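Scroll down for the structure; my scribbles are underneath it.
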Amino acid sequence: MLSGEFWLLMSVVLAALIFDFINGMNDSGNAIATVIATRVLTPIMALVMATVLNFAGAFAFEGVAKTIAGKLIDTSGGFDVTTLMVLCGLLGAIVWSWSMTRFGLPISLSHSLIGGVVGVVIAAGGPLQVKSVSMIFAWMLISPLIGLLVGWGLMVGIMWAFRKAMPTKVNRHFRIWQIFSSASMAFSHGANDAQKAMGIITLALVAAGFQHVAPGDDPVIPLWVKIVCALVIALGTAIGGERVIHTLGNKIIKLMPVHGFAAETAAAGTIQLATILHIPVSTTHIISSSILGVGASKRLSAVRWGVASNIVVAWVLTIPTCAAFAGGLYWLVHLLGFR
């Protein structure tokens, strides 16, 4: 007869895959909103491209997954992570992420997950059991700023380089280049975001005793975890989050192919840098800020700041809301006698 720990582990795997699917749905707009808004690709063509490249990107790196699985929680002092803790953290992230996706707000799935895990760890062992959060919080602030500045600078450079050309000719030229920038964005999204579900499943495998990690060693990301997570995030991308795509592609600024190219190139480069450094970042924050930077290069009034402010509010609320919900859920089930 299968033990309760096994069923808890299966619940974590299922919850992680649901989170991964919502991640793909919400973040499909990150890679293809601009290329659809500028009508360079049809929605079907863009979704197929993003789905394939999300899947490919998921296999390119695993440093972010190892950060989530082994470098977020301090277990050196005898604090043990349980499968129930991982499950409660995931549920906190899922409820918030799904709610915001339904409202069409492009939130950070990364910060939802970080918030959920941190909330549970604080509830179970106190804030001293959390580590590496300062680095993640720093990149929480730095990465959108990098995206905004690079998007602004790249767009200014393009406008200067093509200052004597007709705008129609410039946009015709960048229709081709935008396909490559959108593809790069989709690959970068898979390379960073798909690893988060991989990391949380691996964390649960370690907590349940199915994988032993020696002190100082990184956990091993099983091949089946990589395959399943890559497939699920690709499926979520294929189905797509229509409302989020509409918000990013149409409600922030009026996009032309040259703007889409600049925003996607700036965002993809920023995400790739964080991925190489093994840091989980918000692809949503980065592409949104890159679009804002591109819009601000024209004039500040070109950006619909009301929509942008709604997105920022959702960003600010994500970590504390997910932490509070996940921590409260853990306390509740703990008081009911579950361990």
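Following the order of the structure tokens, first chain is A, next is B, and so on, with residues numbered from 1 inside each chain and ligands from 1 in the order they appear.
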Secondary structure check, alpha helix (DSSP H) residues of range 49-260 of chain A, as a PyMOL selection string: chain A and resi 49-58+63-70+83-103+109-125+133-161+167-207+223-239+242-246+257-260
Need to verify the contact set: Ile319 in chain A, 12 Å, only C-alpha atoms, exclusion of same-chain residues closer than 2 positions in sequence. Can you return it as a ChimeraX atom specification? /A:89,92-93,96-97,107-119,133,136-137,140,282,313-317,321-327
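Take CA of Phe187 in chain A and CA of Phe261 in chain A: the distance between them is 15.0 Å.
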Listing only residues of range 164-264 of chain A within 10 Å of range 64-81 of chain A, what is the closest atom pair and its distance in Å (to one decimal) for each, using only C-alpha atoms, sorted by chain and residue number ascending, as a tab-separated table?
residue	atom	partner	partner_atom	distance
A:Ala191	CA	A:Val64	CA	8.7
A:Asn192	CA	A:Val64	CA	6.6
A:Asp193	CA	A:Val64	CA	8.5
A:Ala194	CA	A:Ala65	CA	8.4
A:Gln195	CA	A:Ala65	CA	4.7
A:Lys196	CA	A:Ala65	CA	5.5
A:Ala197	CA	A:Ala65	CA	7.6
A:Met198	CA	A:Ala65	CA	5.7
A:Gly199	CA	A:Ala65	CA	4.0
A:Ile200	CA	A:Ala69	CA	5.8
A:Ile201	CA	A:Ala69	CA	7.9
A:Thr202	CA	A:Ala69	CA	5.9
A:Leu203	CA	A:Ala69	CA	4.5
A:Ala204	CA	A:Ala69	CA	8.3
A:Leu205	CA	A:Ala69	CA	9.5
A:Val206	CA	A:Ala69	CA	8.5
A:Ala207	CA	A:Val81	CA	5.6
A:Ala208	CA	A:Val81	CA	8.8
A:Val213	CA	A:Gly70	CA	8.9
A:Pro215	CA	A:Ser76	CA	8.0
A:Gly216	CA	A:Gly70	CA	9.4
A:Asp217	CA	A:Gly70	CA	8.5
A:Asp218	CA	A:Gly70	CA	6.2
A:Pro219	CA	A:Gly70	CA	6.3
A:Val220	CA	A:Lys66	CA	7.7
A:Ile221	CA	A:Lys66	CA	7.4
A:Lys226	CA	A:Ala65	CA	9.7
Only C-alpha atoms, please: the residues just picked out, written as a PDB file, in the first residue's frame.
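This is the output file out-v8.pdb:
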ATOM      1  CA  ALA A 191      15.253  28.660 -20.369  1.00  0.00           C
ATOM      2  CA  ASN A 192      14.380  30.565 -17.180  1.00  0.00           C
ATOM      3  CA  ASP A 193      10.708  30.009 -16.381  1.00  0.00           C
ATOM      4  CA  ALA A 194      10.350  26.276 -17.077  1.00  0.00           C
ATOM      5  CA  GLN A 195      13.140  25.607 -14.596  1.00  0.00           C
ATOM      6  CA  LYS A 196      11.111  26.944 -11.694  1.00  0.00           C
ATOM      7  CA  ALA A 197       8.681  24.023 -11.763  1.00  0.00           C
ATOM      8  CA  MET A 198      11.636  21.671 -12.259  1.00  0.00           C
ATOM      9  CA  GLY A 199      13.265  23.117  -9.169  1.00  0.00           C
ATOM     10  CA  ILE A 200      10.171  22.859  -6.978  1.00  0.00           C
ATOM     11  CA  ILE A 201       9.533  19.213  -7.979  1.00  0.00           C
ATOM     12  CA  THR A 202      13.180  18.370  -7.253  1.00  0.00           C
ATOM     13  CA  LEU A 203      12.874  20.122  -3.882  1.00  0.00           C
ATOM     14  CA  ALA A 204       9.872  17.904  -3.118  1.00  0.00           C
ATOM     15  CA  LEU A 205      11.787  14.778  -4.189  1.00  0.00           C
ATOM     16  CA  VAL A 206      14.554  15.682  -1.737  1.00  0.00           C
ATOM     17  CA  ALA A 207      12.039  16.488   1.032  1.00  0.00           C
ATOM     18  CA  ALA A 208      10.275  13.144   0.503  1.00  0.00           C
ATOM     19  CA  VAL A 213      21.841  15.569  -1.518  1.00  0.00           C
ATOM     20  CA  PRO A 215      26.018  18.917   2.154  1.00  0.00           C
ATOM     21  CA  GLY A 216      27.487  21.433  -0.286  1.00  0.00           C
ATOM     22  CA  ASP A 217      26.250  19.563  -3.353  1.00  0.00           C
ATOM     23  CA  ASP A 218      23.595  20.719  -5.782  1.00  0.00           C
ATOM     24  CA  PRO A 219      20.517  18.539  -6.284  1.00  0.00           C
ATOM     25  CA  VAL A 220      20.242  16.629  -9.535  1.00  0.00           C
ATOM     26  CA  ILE A 221      17.342  17.587 -11.796  1.00  0.00           C
ATOM     27  CA  LYS A 226      12.829  18.227 -17.326  1.00  0.00           C
TER      28      LYS A 226
END
Residues near Met10 in chain A, cut-off 12 Å, only C-alpha atoms, skip fewer than 5 positions along chain, as a list in words: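 Those residues are Leu2, Ser3, Gly4, Glu5, Ala15, Ala16, Leu17, Thr83, Leu84, Val86, Leu87, Ile201, Ala204, Leu205 and Ala208 of chain A.
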Only C-alpha atoms, please: the residues just picked out, written as a tab-separated table (two decimals), in the first residue's frame.
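Output file again23.tsv follows:
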chain	number	residue	atom	x	y	z
A	2	LEU	CA	1.33	3.42	-0.97
A	3	SER	CA	2.24	5.73	1.92
A	4	GLY	CA	0.76	9.13	2.66
A	5	GLU	CA	4.15	10.70	1.87
A	15	ALA	CA	0.43	21.22	-8.34
A	16	ALA	CA	3.83	22.09	-9.82
A	17	LEU	CA	2.65	21.05	-13.28
A	83	THR	CA	6.55	17.77	1.24
A	84	LEU	CA	3.55	19.43	2.88
A	86	VAL	CA	6.28	22.57	-0.62
A	87	LEU	CA	2.65	21.79	-1.48
A	201	ILE	CA	9.53	19.21	-7.98
A	204	ALA	CA	9.87	17.90	-3.12
A	205	LEU	CA	11.79	14.78	-4.19
A	208	ALA	CA	10.27	13.14	0.50
List the spatial neighbours of Gly269 in chain A as a VMD selection string - criterion: any atom at most 10 Å away, only C-alpha atoms, same-chain residues fewer than 5 positions off excluded. chain A and resid 146 to 147 150 181 184 to 185 188 264 274 to 275 286
With N, CA and C atoms kept, could you save the residues just selected as a tab-separated table (two decimals), in the first residue's frame?
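So part.tsv came out as:
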chain	number	residue	atom	x	y	z
A	146	ILE	N	17.02	47.14	-15.99
A	146	ILE	CA	17.89	46.83	-17.12
A	146	ILE	C	17.06	46.76	-18.40
A	147	GLY	N	15.93	46.04	-18.33
A	147	GLY	CA	15.06	45.93	-19.50
A	147	GLY	C	14.58	47.28	-19.99
A	150	VAL	N	17.73	49.29	-21.43
A	150	VAL	CA	18.21	48.71	-22.70
A	150	VAL	C	17.18	48.91	-23.80
A	181	SER	N	13.67	38.25	-33.02
A	181	SER	CA	13.65	38.75	-31.64
A	181	SER	C	12.57	38.06	-30.82
A	184	SER	N	13.82	34.61	-29.99
A	184	SER	CA	14.81	34.68	-28.92
A	184	SER	C	14.14	34.85	-27.57
A	185	MET	N	13.08	35.66	-27.54
A	185	MET	CA	12.34	35.88	-26.30
A	185	MET	C	11.67	34.59	-25.82
A	188	SER	N	14.35	32.26	-24.42
A	188	SER	CA	14.82	32.74	-23.12
A	188	SER	C	13.78	32.49	-22.03
A	264	GLU	N	11.68	43.17	-27.49
A	264	GLU	CA	11.97	41.74	-27.35
A	264	GLU	C	13.46	41.48	-27.25
A	274	ALA	N	20.40	36.74	-16.70
A	274	ALA	CA	19.99	36.20	-15.40
A	274	ALA	C	20.05	34.68	-15.38
A	275	THR	N	19.66	34.04	-16.49
A	275	THR	CA	19.67	32.58	-16.57
A	275	THR	C	21.09	32.04	-16.45
A	286	ILE	N	10.32	41.95	-17.01
A	286	ILE	CA	11.36	42.41	-17.93
A	286	ILE	C	10.78	42.84	-19.27
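For the choices A:Ala266, A:Leu47, A:Cys88, A:Val35, the atom-to-atom distance to Ile176 in chain A is smallest for A:Val35 when using only C-alpha atoms.
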Which residue is closest to Ser289 in chain A? Choose from A:Gly209, A:Gly151, A:Pro43, A:Gly63 and count only C-alpha atoms.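 Counting only C-alpha atoms, the residue closest to Ser289 in chain A is A:Gly151.
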Please indicate the distance in Å from CA of Pro320 in chain A to CA of Ala123 in chain A, rounded to one decimal place.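 Interatomic distance, CA of Pro320 in chain A to CA of Ala123 in chain A: 13.0 Å.
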